[in-house]
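Note sheet for the following structure.
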Amino acid sequence: MVVSVKPEYLRVLIAVESNGSLSAAAAELGITVSSVSYAVRQLEEQLGQALLNRDSYRVCLTPAGVTARDYAEQILNLHQSLEAHVRQVGEGWEPELRIAFTNMMCGEVLYQWLSEFYQLNSRTRIRVVREVYQGTWDALYDQRVDLVIGAVGQPPHEVDIEYLPAGRQSLMLVMAPDHQLATDNRPLSMGELSRYRLVDAGDSSRLIRPGKGQQQLCEDVLIVPDLFAQREAILSGIGVGFMPAHLISDLLASGALLSREIVNYDCSSELFVAWRKSSRGQALNWFRERLQAREMRARFLKPILTNRQEEGEER
């Protein structure tokens, strides 16, 4: 037998428990004491259990009443969530927007945009996932995400995917100060570099054939999960690697990492922003409208400077 309980009865039970008396609950809810008593009796009849202990001076819940109160709170929260989500979808806002982001872009810019987005109070949940190299395209192709910021490599042949170039991200060959390649600062040839262990982030692609990244440069390659792990491995001195400046600028400034140039080698990657043409929703549109402007896309290629850093650059 399915019991259908009115939400207003549940609110009465919660009010009685929190106030300790029927009269105080009635005053809080703006109804009569008899209405409170009627609601509790109806709940007890429907559930087949006594919910209130009326023998003490302060009305309190029986064990069955405590269980009913806990469920009442969950049910009322679900009612509120249902109303909010229905209104949200009716106004064109998605329940959730999934964004794939790569370390090749500056994360500070994304989180600054998210801070501005949250001021809209749209109630759209934002989920940011990290992808590496072709994994960014893969996530969009497989519909695991709605928006990609920082897709690496050539876009897949998918008619429903719209993309725009964000620019090229320069990479620097870096190594720890105690690494063998740190003993000289002249430009390296590709032959010299190939004799040393390279640390590279592994492609997170599942469906699209992963690219090799920088891995074809050396026979000895350590593959790690992402660029953060790559940075830690390079700092340990076990290998060298190509990294974007925004992830290592402070380490270069402190001397924790050193860099060397490569002769006749393009140390950069083409980056894109992309989304599905068929995707709908005001949250996606908010980001898409911003990304239509080339200067807005270019912001992801340069770290946000603090006032102190800007003063230092001016000097």
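We label chains A, B, ... in the order they appear in the structure tokens, count residues from 1 in each chain, and number ligands from 1 in the order shown.
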When you look at region 113-120 of chain A with a cut-off of 9 Å (counting only C-alpha atoms), what residues show up, excluding the ones that are within fewer than 4 positions of it in the same chain? I need them as a list in words.
Glu108, Val109, Thr124, Ile126, Ala283, Trp286 and Phe287 of chain A
Mind checking which residues fall within 8 Å of Glu17 (chain A), counting only C-alpha atoms, ignoring those fewer than 3 positions away in the same chain, and posting them as a PyMOL selection string?
chain A and resi 13-14+20-21+59-61
Residue list (helix (DSSP H, G or I), DSSP) for region 74-161 of chain A, as a PyMOL selection string
chain A and resi 74-90+107-118+135-141
Store the residues picked out above in a file with C-alpha atoms, as a JSON list (two decimals), in the first residue's frame.
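Generated output (part_10.json):
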```
[["chain", "number", "residue", "atom", "x", "y", "z"],
["A", 74, "GLN", "CA", 14.41, 14.94, 2.65],
["A", 75, "ILE", "CA", 11.01, 14.97, 0.92],
["A", 76, "LEU", "CA", 10.55, 18.73, 1.37],
["A", 77, "ASN", "CA", 14.08, 19.36, 0.07],
["A", 78, "LEU", "CA", 13.27, 17.26, -2.99],
["A", 79, "HIS", "CA", 10.07, 19.24, -3.52],
["A", 80, "GLN", "CA", 12.04, 22.50, -3.43],
["A", 81, "SER", "CA", 14.70, 21.06, -5.74],
["A", 82, "LEU", "CA", 12.01, 19.85, -8.18],
["A", 83, "GLU", "CA", 10.35, 23.27, -8.30],
["A", 84, "ALA", "CA", 13.68, 25.03, -8.76],
["A", 85, "HIS", "CA", 14.86, 22.69, -11.53],
["A", 86, "VAL", "CA", 11.56, 22.81, -13.42],
["A", 87, "ARG", "CA", 11.63, 26.62, -13.27],
["A", 88, "GLN", "CA", 15.31, 26.61, -14.25],
["A", 89, "VAL", "CA", 14.76, 24.40, -17.31],
["A", 90, "GLY", "CA", 11.63, 26.36, -18.24],
["A", 107, "GLY", "CA", 43.15, 28.10, -15.30],
["A", 108, "GLU", "CA", 42.95, 31.50, -13.60],
["A", 109, "VAL", "CA", 40.98, 32.85, -16.55],
["A", 110, "LEU", "CA", 38.41, 30.03, -16.42],
["A", 111, "TYR", "CA", 37.77, 30.49, -12.71],
["A", 112, "GLN", "CA", 37.48, 34.26, -13.11],
["A", 113, "TRP", "CA", 34.78, 33.65, -15.74],
["A", 114, "LEU", "CA", 33.04, 31.16, -13.46],
["A", 115, "SER", "CA", 33.01, 33.75, -10.68],
["A", 116, "GLU", "CA", 31.22, 36.15, -13.03],
["A", 117, "PHE", "CA", 28.86, 33.42, -14.23],
["A", 118, "TYR", "CA", 27.76, 32.54, -10.70],
["A", 135, "GLY", "CA", 41.29, 13.68, -24.84],
["A", 136, "THR", "CA", 39.68, 17.12, -25.09],
["A", 137, "TRP", "CA", 38.21, 16.35, -28.52],
["A", 138, "ASP", "CA", 37.38, 12.83, -27.40],
["A", 139, "ALA", "CA", 35.27, 14.10, -24.46],
["A", 140, "LEU", "CA", 33.25, 16.35, -26.77],
["A", 141, "TYR", "CA", 32.91, 13.70, -29.50]]
```
Quick one: pull the distance between CA of Pro187 (chain A) and CA of Ile262 (chain A), Å, one decimal.
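One can read the CA of Pro187 (chain A) to CA of Ile262 (chain A) distance as 5.4 Å.
Once region 34-50 of chain A and its same-chain neighbours fewer than 6 positions away are set aside, Val3, Ser4, Val5, Lys6, Glu8, Tyr9, Leu10, Val12, Leu13, Val16, Leu22, Ser23, Ala25, Ala26, Leu61, Thr62, Ala64, Gly65 and Ala68 of chain A remain within 9 Å of it when counting only C-alpha atoms.
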Got a sec: who's within 8 Å of Met172 (chain A), counting only C-alpha atoms, leaving out chain neighbours fewer than 6 positions off, as a list in words?
Gly241, Phe242, Met243, Pro244, Ala245, Ser259, Arg260, Glu261 and Cys267 of chain A
Same residues, C-alpha atoms, saved as a PDB file, in the first residue's frame:
```pdb
ATOM      1  CA  GLY A 241      60.047  18.035 -20.755  1.00  0.00           C
ATOM      2  CA  PHE A 242      58.124  20.652 -22.716  1.00  0.00           C
ATOM      3  CA  MET A 243      55.763  22.764 -20.630  1.00  0.00           C
ATOM      4  CA  PRO A 244      53.683  25.945 -21.051  1.00  0.00           C
ATOM      5  CA  ALA A 245      55.174  29.002 -19.369  1.00  0.00           C
ATOM      6  CA  SER A 259      65.183  26.142 -19.758  1.00  0.00           C
ATOM      7  CA  ARG A 260      67.052  25.550 -23.021  1.00  0.00           C
ATOM      8  CA  GLU A 261      66.167  26.316 -26.612  1.00  0.00           C
ATOM      9  CA  CYS A 267      57.817  24.193 -29.538  1.00  0.00           C
TER      10      CYS A 267
END
```
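Counting only C-alpha atoms, Ser279 (chain A) has the following residues at most 9 Å away, ignoring those fewer than 4 positions along the same chain: Asp146, Trp275 and Leu284 of chain A.
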Can those selected residues be exported to a file as a PDB file, in the first residue's frame so that it contains all heavy atoms?
```
ATOM      1  N   ASP A 146      30.039  19.349 -22.658  1.00  0.00           N
ATOM      2  CA  ASP A 146      29.292  20.240 -23.549  1.00  0.00           C
ATOM      3  C   ASP A 146      30.182  21.299 -24.186  1.00  0.00           C
ATOM      4  O   ASP A 146      29.846  21.838 -25.246  1.00  0.00           O
ATOM      5  CB  ASP A 146      28.187  20.950 -22.756  1.00  0.00           C
ATOM      6  CG  ASP A 146      27.329  19.970 -21.976  1.00  0.00           C
ATOM      7  OD1 ASP A 146      26.648  19.157 -22.624  1.00  0.00           O
ATOM      8  OD2 ASP A 146      27.363  20.012 -20.729  1.00  0.00           O
ATOM      9  N   TRP A 275      32.374  23.289 -29.136  1.00  0.00           N
ATOM     10  CA  TRP A 275      31.113  22.855 -28.540  1.00  0.00           C
ATOM     11  C   TRP A 275      30.281  22.195 -29.624  1.00  0.00           C
ATOM     12  O   TRP A 275      30.597  22.279 -30.820  1.00  0.00           O
ATOM     13  CB  TRP A 275      30.348  24.046 -27.945  1.00  0.00           C
ATOM     14  CG  TRP A 275      30.164  25.174 -28.940  1.00  0.00           C
ATOM     15  CD1 TRP A 275      29.204  25.290 -29.901  1.00  0.00           C
ATOM     16  CD2 TRP A 275      31.030  26.313 -29.091  1.00  0.00           C
ATOM     17  NE1 TRP A 275      29.394  26.441 -30.625  1.00  0.00           N
ATOM     18  CE2 TRP A 275      30.504  27.085 -30.148  1.00  0.00           C
ATOM     19  CE3 TRP A 275      32.172  26.765 -28.423  1.00  0.00           C
ATOM     20  CZ2 TRP A 275      31.098  28.280 -30.561  1.00  0.00           C
ATOM     21  CZ3 TRP A 275      32.762  27.938 -28.842  1.00  0.00           C
ATOM     22  CH2 TRP A 275      32.220  28.691 -29.899  1.00  0.00           C
ATOM     23  N   LEU A 284      25.517  27.440 -21.582  1.00  0.00           N
ATOM     24  CA  LEU A 284      26.452  27.247 -22.694  1.00  0.00           C
ATOM     25  C   LEU A 284      26.513  28.495 -23.554  1.00  0.00           C
ATOM     26  O   LEU A 284      27.592  28.915 -23.988  1.00  0.00           O
ATOM     27  CB  LEU A 284      26.031  26.042 -23.527  1.00  0.00           C
ATOM     28  CG  LEU A 284      26.889  25.754 -24.769  1.00  0.00           C
ATOM     29  CD1 LEU A 284      28.338  25.520 -24.388  1.00  0.00           C
ATOM     30  CD2 LEU A 284      26.326  24.564 -25.548  1.00  0.00           C
TER      31      LEU A 284
END
```
Compare A:Val263, A:Val174, A:Met105, A:Ile248 by their minimum atom-to-atom distance to Glu192 (chain A), counting only C-alpha atoms, and give me the closest one.
A:Val263
Near-Val240 (chain A) list (8 Å; only C-alpha atoms; drop same-chain fewer than 2 positions) as a PyMOL selection string:
chain A and resi 173-176+196-199+234+237-238+242
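Atom pair CA of Leu258 (chain A) / CA of Asp226 (chain A) has a distance of 20.2 Å (rounded to one decimal).
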